[in-house]
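A.B. asks: Enclosed is the structure file input01.cif (mmCIF, C-alpha atoms).
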```
data_entry
#
loop_
_atom_site.group_PDB
_atom_site.id
_atom_site.type_symbol
_atom_site.label_atom_id
_atom_site.label_comp_id
_atom_site.auth_asym_id
_atom_site.auth_seq_id
_atom_site.Cartn_x
_atom_site.Cartn_y
_atom_site.Cartn_z
ATOM 1 C CA MET A 1 -89.728 -47.679 -6.862
ATOM 2 C CA ARG A 2 -89.702 -50.850 -4.834
ATOM 3 C CA GLU A 3 -92.762 -50.050 -2.755
ATOM 4 C CA LEU A 4 -96.053 -48.266 -3.366
ATOM 5 C CA SER A 5 -95.429 -46.324 -0.166
ATOM 6 C CA LEU A 6 -92.442 -44.644 -1.832
ATOM 7 C CA HIS A 7 -94.654 -43.412 -4.685
ATOM 8 C CA ILE A 8 -97.078 -42.121 -2.073
ATOM 9 C CA LEU A 9 -94.299 -40.316 -0.195
ATOM 10 C CA ASP A 10 -93.144 -38.780 -3.462
ATOM 11 C CA VAL A 11 -96.574 -37.510 -4.497
ATOM 12 C CA ALA A 12 -97.209 -36.166 -0.987
ATOM 13 C CA GLU A 13 -93.924 -34.241 -1.126
ATOM 14 C CA ASN A 14 -95.109 -32.704 -4.418
ATOM 15 C CA GLY A 15 -98.204 -31.452 -2.632
ATOM 16 C CA ILE A 16 -96.177 -29.966 0.205
ATOM 17 C CA ASP A 17 -93.924 -28.233 -2.336
ATOM 18 C CA ALA A 18 -97.100 -26.717 -3.753
ATOM 19 C CA GLY A 19 -97.839 -25.150 -0.381
ATOM 20 C CA ALA A 20 -100.355 -27.666 0.989
ATOM 21 C CA ARG A 21 -101.517 -27.347 4.598
ATOM 22 C CA LEU A 22 -103.267 -30.705 4.582
ATOM 23 C CA ILE A 23 -102.355 -33.936 2.818
ATOM 24 C CA THR A 24 -104.833 -36.794 2.765
ATOM 25 C CA ILE A 25 -103.620 -40.289 1.893
ATOM 26 C CA SER A 26 -106.192 -42.996 1.414
ATOM 27 C CA ILE A 27 -105.601 -46.663 0.682
ATOM 28 C CA LEU A 28 -108.546 -48.857 -0.114
ATOM 29 C CA GLU A 29 -108.222 -52.613 -0.615
ATOM 30 C CA GLU A 30 -111.315 -54.226 -2.107
ATOM 31 C CA LYS A 31 -110.828 -57.940 -2.352
ATOM 32 C CA LYS A 32 -114.217 -58.639 -3.913
ATOM 33 C CA ARG A 33 -113.667 -56.160 -6.714
ATOM 34 C CA ASN A 34 -109.992 -57.133 -6.799
ATOM 35 C CA VAL A 35 -108.979 -53.476 -6.784
ATOM 36 C CA LEU A 36 -106.494 -51.459 -4.780
ATOM 37 C CA THR A 37 -107.088 -47.702 -4.846
ATOM 38 C CA VAL A 38 -104.522 -45.154 -3.672
ATOM 39 C CA THR A 39 -105.656 -41.545 -3.398
ATOM 40 C CA ILE A 40 -103.463 -38.606 -2.428
ATOM 41 C CA THR A 41 -105.169 -35.248 -2.041
ATOM 42 C CA ASP A 42 -103.580 -31.918 -1.169
ATOM 43 C CA ASP A 43 -104.854 -28.384 -0.718
ATOM 44 C CA GLY A 44 -101.823 -26.794 -2.346
ATOM 45 C CA SER A 45 -101.671 -24.281 -5.160
ATOM 46 C CA GLY A 46 -102.941 -26.704 -7.804
ATOM 47 C CA ILE A 47 -101.621 -27.237 -11.300
ATOM 48 C CA GLU A 48 -102.434 -25.093 -14.333
ATOM 49 C CA LYS A 49 -104.497 -26.711 -17.059
ATOM 50 C CA GLU A 50 -101.737 -26.651 -19.665
ATOM 51 C CA VAL A 51 -99.233 -28.186 -17.252
ATOM 52 C CA LEU A 52 -101.700 -30.795 -16.013
ATOM 53 C CA GLU A 53 -101.849 -32.387 -19.453
ATOM 54 C CA LYS A 54 -98.097 -32.914 -19.429
ATOM 55 C CA VAL A 55 -97.245 -33.929 -15.874
ATOM 56 C CA THR A 56 -97.179 -37.664 -16.503
ATOM 57 C CA ASP A 57 -94.964 -37.288 -19.546
ATOM 58 C CA PRO A 58 -91.540 -38.443 -18.365
ATOM 59 C CA PHE A 59 -89.848 -36.028 -20.752
ATOM 60 C CA TYR A 60 -91.640 -33.073 -19.312
ATOM 61 C CA THR A 61 -90.066 -31.477 -16.294
ATOM 62 C CA THR A 62 -91.180 -28.598 -14.148
ATOM 63 C CA ARG A 63 -87.845 -28.134 -12.471
ATOM 64 C CA LEU A 64 -88.490 -24.402 -12.501
ATOM 65 C CA THR A 65 -91.770 -24.562 -10.654
ATOM 66 C CA ARG A 66 -90.845 -27.726 -8.760
ATOM 67 C CA ARG A 67 -94.406 -28.888 -8.507
ATOM 68 C CA VAL A 68 -94.119 -32.243 -10.237
ATOM 69 C CA GLY A 69 -91.418 -34.313 -11.825
ATOM 70 C CA LEU A 70 -90.588 -37.786 -12.997
ATOM 71 C CA GLY A 71 -92.413 -39.135 -9.969
ATOM 72 C CA LEU A 72 -95.906 -39.054 -11.440
ATOM 73 C CA SER A 73 -94.937 -40.821 -14.651
ATOM 74 C CA LEU A 74 -93.317 -43.629 -12.654
ATOM 75 C CA PHE A 75 -96.425 -43.949 -10.499
ATOM 76 C CA ARG A 76 -98.653 -44.053 -13.579
ATOM 77 C CA GLU A 77 -96.495 -46.747 -15.168
ATOM 78 C CA THR A 78 -96.753 -48.922 -12.067
ATOM 79 C CA SER A 79 -100.515 -48.568 -12.111
ATOM 80 C CA ARG A 80 -100.743 -49.325 -15.858
ATOM 81 C CA ARG A 81 -98.537 -52.357 -15.491
ATOM 82 C CA CYS A 82 -101.009 -53.691 -12.915
ATOM 83 C CA ASP A 83 -104.119 -53.217 -15.126
ATOM 84 C CA GLY A 84 -105.028 -50.093 -13.196
ATOM 85 C CA THR A 85 -106.160 -46.579 -13.956
ATOM 86 C CA PHE A 86 -104.461 -43.311 -13.134
ATOM 87 C CA SER A 87 -105.856 -39.812 -12.908
ATOM 88 C CA ILE A 88 -104.807 -36.376 -11.733
ATOM 89 C CA THR A 89 -107.381 -33.693 -11.175
ATOM 90 C CA SER A 90 -106.434 -30.238 -10.063
ATOM 91 C CA ARG A 91 -107.911 -26.825 -9.673
ATOM 92 C CA GLU A 92 -105.699 -23.804 -9.387
ATOM 93 C CA GLY A 93 -105.790 -22.368 -5.898
ATOM 94 C CA GLU A 94 -107.661 -25.344 -4.495
ATOM 95 C CA GLY A 95 -105.384 -28.354 -4.713
ATOM 96 C CA THR A 96 -104.648 -31.568 -6.509
ATOM 97 C CA ARG A 97 -105.869 -35.129 -6.298
ATOM 98 C CA VAL A 98 -103.998 -38.152 -7.614
ATOM 99 C CA VAL A 99 -105.910 -41.432 -7.869
ATOM 100 C CA ALA A 100 -104.164 -44.652 -8.862
ATOM 101 C CA THR A 101 -105.812 -48.056 -9.010
ATOM 102 C CA PHE A 102 -104.234 -51.481 -9.319
ATOM 103 C CA ARG A 103 -105.442 -55.037 -9.818
ATOM 104 C CA LEU A 104 -105.007 -56.401 -6.334
ATOM 105 C CA ASP A 105 -103.828 -59.854 -7.409
ATOM 106 C CA HIS A 106 -101.585 -58.655 -10.228
ATOM 107 C CA ILE A 107 -98.197 -60.332 -10.125
ATOM 108 C CA ASP A 108 -96.403 -57.048 -10.817
ATOM 109 C CA LEU A 109 -98.066 -55.166 -7.979
ATOM 110 C CA PRO A 110 -95.296 -53.944 -5.662
ATOM 111 C CA PRO A 111 -95.882 -54.395 -1.935
ATOM 112 C CA LEU A 112 -97.459 -51.451 -0.175
ATOM 113 C CA GLY A 113 -94.316 -51.387 1.926
ATOM 114 C CA ASN A 114 -93.454 -49.351 4.947
ATOM 115 C CA MET A 115 -96.359 -46.914 5.305
ATOM 116 C CA ALA A 116 -95.314 -46.053 8.861
ATOM 117 C CA GLY A 117 -91.927 -44.911 7.563
ATOM 118 C CA CYS A 118 -93.642 -42.866 4.864
ATOM 119 C CA VAL A 119 -96.001 -41.099 7.285
ATOM 120 C CA ILE A 120 -93.237 -40.462 9.830
ATOM 121 C CA ALA A 121 -90.845 -39.095 7.186
ATOM 122 C CA LEU A 122 -93.551 -36.637 6.111
ATOM 123 C CA ILE A 123 -94.251 -35.482 9.675
ATOM 124 C CA ALA A 124 -90.550 -35.243 10.560
ATOM 125 C CA GLY A 125 -89.771 -33.117 7.528
ATOM 126 C CA HIS A 126 -92.903 -30.984 7.587
ATOM 127 C CA PRO A 127 -94.322 -30.757 11.109
ATOM 128 C CA GLU A 128 -96.373 -27.698 10.134
ATOM 129 C CA VAL A 129 -98.317 -29.599 7.472
ATOM 130 C CA ASP A 130 -101.231 -31.761 8.616
ATOM 131 C CA LEU A 131 -101.627 -35.302 7.451
ATOM 132 C CA ALA A 132 -104.644 -37.575 7.397
ATOM 133 C CA TYR A 133 -104.039 -41.223 6.594
ATOM 134 C CA ILE A 134 -106.824 -43.724 6.016
ATOM 135 C CA HIS A 135 -106.182 -47.375 5.282
ATOM 136 C CA ARG A 136 -109.243 -49.502 4.680
ATOM 137 C CA ALA A 137 -109.738 -53.140 3.714
ATOM 138 C CA ASP A 138 -112.821 -55.347 3.715
ATOM 139 C CA ASN A 139 -112.757 -55.963 7.459
ATOM 140 C CA GLU A 140 -110.175 -53.535 8.730
ATOM 141 C CA GLU A 141 -109.848 -49.814 9.047
ATOM 142 C CA PHE A 142 -107.108 -47.571 10.340
ATOM 143 C CA TYR A 143 -107.404 -43.825 10.616
ATOM 144 C CA PHE A 144 -104.638 -41.463 11.608
ATOM 145 C CA ASP A 145 -104.845 -37.673 11.735
ATOM 146 C CA THR A 146 -102.076 -35.346 12.911
ATOM 147 C CA ARG A 147 -104.637 -32.653 13.724
ATOM 148 C CA GLU A 148 -106.059 -34.839 16.490
ATOM 149 C CA ILE A 149 -102.595 -35.685 17.765
ATOM 150 C CA LYS A 150 -101.457 -32.068 17.766
ATOM 151 C CA LYS A 151 -104.521 -31.152 19.824
ATOM 152 C CA GLU A 152 -103.464 -33.613 22.522
ATOM 153 C CA LEU A 153 -99.826 -32.576 22.421
ATOM 154 C CA ASP A 154 -100.569 -28.885 23.101
ATOM 155 C CA ASP A 155 -97.267 -27.032 22.871
ATOM 156 C CA VAL A 156 -95.109 -30.121 22.449
ATOM 157 C CA ALA A 157 -93.974 -30.364 18.822
ATOM 158 C CA ILE A 158 -95.167 -33.375 16.846
ATOM 159 C CA ASN A 159 -91.675 -33.818 15.391
ATOM 160 C CA GLU A 160 -90.033 -34.412 18.783
ATOM 161 C CA PRO A 161 -88.077 -37.662 18.315
ATOM 162 C CA LYS A 162 -89.875 -39.394 21.195
ATOM 163 C CA VAL A 163 -93.286 -38.497 19.793
ATOM 164 C CA LEU A 164 -92.297 -39.674 16.298
ATOM 165 C CA LYS A 165 -90.962 -42.948 17.675
ATOM 166 C CA TYR A 166 -94.223 -43.613 19.470
ATOM 167 C CA LEU A 167 -96.349 -42.742 16.441
ATOM 168 C CA GLU A 168 -94.212 -44.912 14.188
ATOM 169 C CA GLU A 169 -94.701 -47.909 16.463
ATOM 170 C CA VAL A 170 -98.453 -47.327 16.621
ATOM 171 C CA ILE A 171 -98.760 -47.160 12.826
ATOM 172 C CA LYS A 172 -96.483 -50.167 12.293
ATOM 173 C CA ASN A 173 -98.601 -52.143 14.714
ATOM 174 C CA GLU A 174 -101.855 -51.121 13.059
ATOM 175 C CA GLU A 175 -100.541 -51.872 9.576
ATOM 176 C CA LYS A 176 -99.932 -55.488 10.601
ATOM 177 C CA ARG A 177 -103.685 -56.053 10.493
ATOM 178 C CA PHE A 178 -103.695 -55.562 6.726
ATOM 179 C CA LYS A 179 -102.227 -58.766 5.455
ATOM 180 C CA THR A 180 -104.091 -59.283 2.230
ATOM 181 C CA ARG A 181 -100.927 -59.782 0.241
ATOM 182 C CA GLY A 182 -97.593 -61.429 1.007
ATOM 183 C CA MET B 183 -107.982 -44.015 16.554
ATOM 184 C CA GLY B 184 -106.861 -47.623 16.821
ATOM 185 C CA LYS B 185 -104.340 -48.455 19.468
ATOM 186 C CA LEU B 186 -103.065 -44.949 19.711
ATOM 187 C CA THR B 187 -104.183 -43.979 23.179
ATOM 188 C CA ILE B 188 -104.532 -40.510 24.569
ATOM 189 C CA ASP B 189 -103.025 -41.706 27.847
ATOM 190 C CA ASP B 190 -99.838 -42.850 26.125
ATOM 191 C CA LEU B 191 -99.677 -39.626 24.165
ATOM 192 C CA LYS B 192 -100.045 -37.613 27.383
ATOM 193 C CA LYS B 193 -97.268 -39.580 29.082
ATOM 194 C CA ILE B 194 -94.940 -38.858 26.175
ATOM 195 C CA LYS B 195 -95.972 -35.223 26.225
ATOM 196 C CA GLU B 196 -95.009 -34.897 29.895
ATOM 197 C CA ARG B 197 -91.691 -36.658 29.315
ATOM 198 C CA VAL B 198 -90.821 -34.419 26.373
ATOM 199 C CA LYS B 199 -91.835 -31.345 28.351
ATOM 200 C CA LYS B 200 -89.469 -32.311 31.167
ATOM 201 C CA ASP B 201 -86.621 -32.818 28.693
ATOM 202 C CA THR B 202 -87.192 -29.593 26.831
ATOM 203 C CA ALA B 203 -87.308 -27.555 30.042
ATOM 204 C CA LEU B 204 -83.531 -27.993 30.097
ATOM 205 C CA ARG B 205 -83.158 -26.851 26.510
ATOM 206 C CA GLU B 206 -81.196 -23.711 25.903
ATOM 207 C CA GLY B 207 -81.526 -21.554 22.814
ATOM 208 C CA GLY B 208 -82.281 -22.745 19.302
ATOM 209 C CA SER B 209 -80.666 -25.299 17.052
ATOM 210 C CA THR B 210 -76.966 -25.310 16.222
ATOM 211 C CA VAL B 211 -76.981 -28.251 13.802
ATOM 212 C CA LYS B 212 -79.206 -28.553 10.743
ATOM 213 C CA VAL B 213 -79.431 -31.893 8.956
ATOM 214 C CA THR B 214 -81.122 -31.847 5.563
ATOM 215 C CA VAL B 215 -82.342 -35.061 3.936
ATOM 216 C CA HIS B 216 -83.018 -34.529 0.236
ATOM 217 C CA MET B 217 -86.257 -36.289 -0.674
ATOM 218 C CA GLY B 218 -87.064 -35.704 -4.304
ATOM 219 C CA THR B 219 -88.189 -38.573 -6.511
ATOM 220 C CA CYS B 220 -84.534 -39.446 -7.073
ATOM 221 C CA GLY B 221 -83.680 -39.405 -3.387
ATOM 222 C CA ILE B 222 -86.693 -41.476 -2.392
ATOM 223 C CA ALA B 223 -86.020 -44.050 -5.107
ATOM 224 C CA ALA B 224 -82.399 -44.320 -3.992
ATOM 225 C CA GLY B 225 -83.295 -44.922 -0.341
ATOM 226 C CA ALA B 226 -83.715 -41.534 1.352
ATOM 227 C CA ARG B 227 -86.547 -42.818 3.517
ATOM 228 C CA GLU B 228 -84.341 -45.499 5.087
ATOM 229 C CA VAL B 229 -81.769 -42.766 5.724
ATOM 230 C CA MET B 230 -84.443 -40.674 7.404
ATOM 231 C CA ASP B 231 -85.523 -43.672 9.522
ATOM 232 C CA ALA B 232 -81.958 -44.146 10.751
ATOM 233 C CA LEU B 233 -81.562 -40.439 11.452
ATOM 234 C CA LEU B 234 -84.753 -40.350 13.526
ATOM 235 C CA ASP B 235 -83.608 -43.441 15.437
ATOM 236 C CA GLU B 236 -80.326 -41.755 16.297
ATOM 237 C CA MET B 237 -82.124 -38.557 17.295
ATOM 238 C CA ASN B 238 -84.248 -40.604 19.649
ATOM 239 C CA GLU B 239 -81.149 -42.041 21.331
ATOM 240 C CA THR B 240 -79.399 -38.758 21.990
ATOM 241 C CA ASP B 241 -80.120 -36.124 24.621
ATOM 242 C CA ARG B 242 -78.962 -33.351 22.322
ATOM 243 C CA GLN B 243 -81.807 -30.897 21.790
ATOM 244 C CA ASP B 244 -80.093 -28.554 19.342
ATOM 245 C CA ILE B 245 -80.290 -30.725 16.219
ATOM 246 C CA ARG B 246 -82.908 -29.890 13.620
ATOM 247 C CA ILE B 247 -84.019 -32.159 10.777
ATOM 248 C CA VAL B 248 -85.142 -30.617 7.517
ATOM 249 C CA VAL B 249 -86.466 -32.250 4.347
ATOM 250 C CA SER B 250 -85.817 -30.699 0.977
ATOM 251 C CA GLY B 251 -86.316 -31.692 -2.625
ATOM 252 C CA CYS B 252 -83.962 -32.695 -5.375
ATOM 253 C CA MET B 253 -80.837 -30.564 -5.606
ATOM 254 C CA GLY B 254 -79.966 -31.600 -9.142
ATOM 255 C CA MET B 255 -77.384 -34.223 -8.266
ATOM 256 C CA CYS B 256 -79.648 -37.216 -8.656
ATOM 257 C CA SER B 257 -76.843 -39.669 -9.438
ATOM 258 C CA SER B 258 -75.296 -39.179 -6.001
ATOM 259 C CA GLU B 259 -78.544 -39.621 -4.039
ATOM 260 C CA PRO B 260 -79.413 -40.187 -1.279
ATOM 261 C CA ASN B 261 -77.754 -36.915 -0.283
ATOM 262 C CA VAL B 262 -77.638 -35.513 3.229
ATOM 263 C CA THR B 263 -76.369 -32.030 4.107
ATOM 264 C CA VAL B 264 -74.978 -31.334 7.569
ATOM 265 C CA GLU B 265 -74.691 -27.696 8.597
ATOM 266 C CA MET B 266 -73.057 -26.939 11.934
ATOM 267 C CA GLN B 267 -73.005 -23.429 13.291
ATOM 268 C CA GLY B 268 -69.803 -21.643 12.346
ATOM 269 C CA LYS B 269 -68.639 -24.475 10.075
ATOM 270 C CA ASP B 270 -68.821 -25.064 6.329
ATOM 271 C CA PRO B 271 -71.766 -27.220 5.245
ATOM 272 C CA VAL B 272 -70.878 -30.771 4.226
ATOM 273 C CA ILE B 273 -72.897 -32.674 1.605
ATOM 274 C CA TYR B 274 -72.774 -36.447 1.912
ATOM 275 C CA GLN B 275 -73.529 -38.717 -1.048
ATOM 276 C CA HIS B 276 -74.740 -42.299 -1.596
ATOM 277 C CA MET B 277 -76.020 -42.458 1.961
ATOM 278 C CA ASP B 278 -77.643 -45.471 3.553
ATOM 279 C CA ALA B 279 -78.862 -46.258 7.052
ATOM 280 C CA ASN B 280 -75.428 -47.338 8.325
ATOM 281 C CA LYS B 281 -73.584 -44.376 6.847
ATOM 282 C CA MET B 282 -76.230 -42.090 8.342
ATOM 283 C CA ARG B 283 -75.652 -43.608 11.773
ATOM 284 C CA GLN B 284 -71.895 -43.124 11.421
ATOM 285 C CA VAL B 285 -72.278 -39.510 10.245
ATOM 286 C CA PHE B 286 -74.598 -38.842 13.161
ATOM 287 C CA LYS B 287 -72.308 -40.358 15.779
ATOM 288 C CA ARG B 288 -69.010 -38.990 14.444
ATOM 289 C CA HIS B 289 -69.808 -35.757 12.621
ATOM 290 C CA ILE B 290 -72.971 -34.423 14.207
ATOM 291 C CA LEU B 291 -72.192 -35.436 17.783
ATOM 292 C CA LEU B 292 -68.385 -35.203 17.759
ATOM 293 C CA GLY B 293 -67.644 -32.825 14.913
ATOM 294 C CA GLU B 294 -65.488 -35.190 12.845
ATOM 295 C CA VAL B 295 -66.376 -34.764 9.180
ATOM 296 C CA GLN B 296 -66.674 -38.198 7.531
ATOM 297 C CA THR B 297 -64.747 -37.278 4.395
ATOM 298 C CA ASP B 298 -65.072 -40.759 2.860
ATOM 299 C CA PHE B 299 -68.790 -40.193 2.322
ATOM 300 C CA ALA B 300 -68.604 -36.527 1.402
ATOM 301 C CA LEU B 301 -69.616 -35.314 -2.053
ATOM 302 C CA ALA B 302 -67.673 -32.107 -1.737
ATOM 303 C CA ARG B 303 -66.003 -29.860 0.740
ATOM 304 C CA MET B 304 -66.852 -26.245 0.201
ATOM 305 C CA LYS B 305 -63.324 -24.932 0.876
ATOM 306 C CA GLU B 306 -61.570 -27.268 -1.588
ATOM 307 C CA GLU B 307 -61.159 -24.649 -4.329
ATOM 308 C CA GLN B 308 -59.362 -22.162 -2.108
ATOM 309 C CA ASN B 309 -56.901 -24.790 -0.895
ATOM 310 C CA GLU B 310 -55.976 -25.732 -4.435
ATOM 311 C CA GLN B 311 -55.141 -22.160 -5.283
ATOM 312 C CA GLU B 312 -52.630 -21.863 -2.471
#
```
Written as structure tokens, that's how I'd like the structure from this file.
C.D. replies:
Amino acid sequence: MRELSLHILDVAENGIDAGARLITISILEEKKRNVLTVTITDDGSGIEKEVLEKVTDPFYTTRLTRRVGLGLSLFRETSRRCDGTFSITSREGEGTRVVATFRLDHIDLPPLGNMAGCVIALIAGHPEVDLAYIHRADNEEFYFDTREIKKELDDVAINEPKVLKYLEEVIKNEEKRFKTRG
Amino acid sequence: MGKLTIDDLKKIKERVKKDTALREGGSTVKVTVHMGTCGIAAGAREVMDALLDEMNETDRQDIRIVVSGCMGMCSSEPNVTVEMQGKDPVIYQHMDANKMRQVFKRHILLGEVQTDFALARMKEEQNEQE
């Protein structure tokens, strides 16, 4: 994957496949510690213990259950390549959390990429699922929550093209503040 | 919530409400973007971006966008399926933003199937038997 945001989109789609009602994406850039932490949490069906041990094995596929796939092993490899750590915790019936860390100044660290596109693709495809997105750096913070937006929109659907266009521009604009890397 | 303002959101809400008041019935076109790991890696998100852009430009209210997972044909991703009411579904392969725009303008809006990009036509088998 060329961008971290594509890994994030992929993992979030896994959660939605597992029946999640809420996906939380958090990006934390800590310059002092030189660490980038990406956390994706869902409240989907969770992963069984036996399966959980195998999900990052690229030769293991759950095509039958469609809960995870090659995506997680690719994400883990990217994190490993950047001196990071990778963990998946899950409880059946409660949800799953994926945490990947990266060395912020590692030469192999892919750009975060188009997070606005990632968030909008998720909303467009799954308007019924709620999404919270938090992006934090040393001096900046951006918080986006579809639950708050839906409240304001009343009976207008969040996946109306005009609404999506507006939200995409807002997120794109906000993301410009985070320019820690080239 | 940053520069997202409730006023702007309300303005958009009113505009959308006015538009949708003219809407009749449900959707007649379903466009599915396949976004499994394979699709995403091959560029499905850019395809989705282009599709949403085109949706924003049109007044048509009967087009529905759906996201689905991998359909087992990873080597031909990004795949997009167009289903029009009363017509056979068409699966497009190796899509990109430009191809998506063309499929939207020609097939979805005008009904001309873009056979150059198609993976398969569902009726092919029957024709061969004739």
A.B. asks: If we count all atoms listed in the file, which residues of chain B reach to within 7 Å of chain A? Please list them as a PyMOL selection string.
C.D. replies: chain B and resi 183-186+194-195+199+218-219+222-223+227+230-231+234+237-238+247-249
A.B. asks: Smallest atom-to-atom distance to A:Asn139: which of A:Ala100, A:Met115, A:Ile16, A:Leu28, using all atoms listed in the file?
C.D. replies: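 Ranking A:Ala100, A:Met115, A:Ile16, A:Leu28 by distance to A:Asn139, first place goes to A:Leu28.
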A.B. asks: Could you tell me how far atom CA of A:Gly84 lies from atom CA of A:Thr37, in Å and to one decimal?
C.D. replies: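 We find that atom CA of A:Gly84 and atom CA of A:Thr37 lie 8.9 Å from each other.
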A.B. asks: Which residues would end up in the selection if the PyMOL selection byres ((chain A and resi 179) around 12) were applied here, given that I need the answer as an MDAnalysis selection string?
C.D. replies: chainID A and resid 29 31 111:113 136:140 173:178 180:182
A.B. asks: List the residues sitting within 10 Å of (-112.9, -37.6, -12.2) in the file's frame, using all atoms listed in the file, as a ChimeraX atom specification.
C.D. replies: /A:87-89,97,99
A.B. asks: The PyMOL selection byres ((chain B and resi 273) around 9) - which residues does that actually catch in the file I just gave you? List them as a count of residues only.
C.D. replies: 15
A.B. asks: Would you be able to write out as number ranges by chain which residues have an atom within 12 Å of (-80.8, -30.6, -8.1) in the file's coordinates, counting only C-alpha atoms?
C.D. replies: A: 63-64, 66, 69; B: 216-221, 250-261
A.B. asks: Using the chain letters and numbering of this document, enumerate as a ChimeraX atom specification the residues selected by the PyMOL selection byres ((chain A and resi 91) around 9).
C.D. replies: /A:45-49,89-90,92-96
A.B. asks: Quote the spacing between atom CA of B:Asp270 and atom CA of B:Leu291 in Å to one decimal place.
C.D. replies: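 About the pair atom CA of B:Asp270 and atom CA of B:Leu291: they are 15.8 Å apart.
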A.B. asks: Have a look at atom CA of B:Thr202 and atom CA of A:Ala132 and let me know their distance in Å, one decimal.
C.D. replies: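 Between these atoms lies a distance of 27.3 Å.
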A.B. asks: Excluding B:Thr210 and any residue of its chain fewer than 3 positions from it, enumerate the residues within 9 Å of it, using all atoms listed in the file, and give them as a VMD selection string.
C.D. replies: chain B and resid 207 244 to 246 265 to 268
A.B. asks: Determine the nearest neighbour of A:Ser79 from the options A:Thr146, A:Thr101, A:Leu4, A:Ile40, counting only C-alpha atoms.
C.D. replies: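 Smallest separation from A:Ser79 among the options: A:Thr101.
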A.B. asks: Can you pull stretch 79-105 of chain A out of that block with C-alpha atoms and hand it back as a PDB file, in the first residue's frame?
C.D. replies:
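Contents of the output file decode.pdb:
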```
ATOM      1  CA  SER A  79       4.948  -1.220  10.898  1.00  0.00           C
ATOM      2  CA  ARG A  80       7.805  -3.715  11.413  1.00  0.00           C
ATOM      3  CA  ARG A  81       9.774  -2.215   8.573  1.00  0.00           C
ATOM      4  CA  CYS A  82       9.558   1.144  10.363  1.00  0.00           C
ATOM      5  CA  ASP A  83      10.818  -0.173  13.748  1.00  0.00           C
ATOM      6  CA  GLY A  84       7.274  -0.197  15.070  1.00  0.00           C
ATOM      7  CA  THR A  85       5.043  -2.526  17.022  1.00  0.00           C
ATOM      8  CA  PHE A  86       1.775  -4.102  15.984  1.00  0.00           C
ATOM      9  CA  SER A  87      -1.004  -5.580  18.067  1.00  0.00           C
ATOM     10  CA  ILE A  88      -4.549  -6.823  17.652  1.00  0.00           C
ATOM     11  CA  THR A  89      -6.753  -7.310  20.659  1.00  0.00           C
ATOM     12  CA  SER A  90     -10.266  -8.591  20.355  1.00  0.00           C
ATOM     13  CA  ARG A  91     -13.065  -9.871  22.479  1.00  0.00           C
ATOM     14  CA  GLU A  92     -15.870 -11.850  20.957  1.00  0.00           C
ATOM     15  CA  GLY A  93     -19.083  -9.869  20.929  1.00  0.00           C
ATOM     16  CA  GLU A  94     -17.354  -6.652  21.923  1.00  0.00           C
ATOM     17  CA  GLY A  95     -15.061  -5.643  19.092  1.00  0.00           C
ATOM     18  CA  THR A  96     -11.507  -5.423  17.902  1.00  0.00           C
ATOM     19  CA  ARG A  97      -8.670  -2.971  18.286  1.00  0.00           C
ATOM     20  CA  VAL A  98      -5.670  -2.735  15.980  1.00  0.00           C
ATOM     21  CA  VAL A  99      -2.708  -0.654  17.151  1.00  0.00           C
ATOM     22  CA  ALA A 100       0.269  -0.021  14.882  1.00  0.00           C
ATOM     23  CA  THR A 101       3.238   2.155  15.758  1.00  0.00           C
ATOM     24  CA  PHE A 102       5.989   3.483  13.524  1.00  0.00           C
ATOM     25  CA  ARG A 103       9.243   5.368  13.984  1.00  0.00           C
ATOM     26  CA  LEU A 104       8.211   8.805  12.840  1.00  0.00           C
ATOM     27  CA  ASP A 105      11.480   9.630  11.081  1.00  0.00           C
TER      28      ASP A 105
END
```
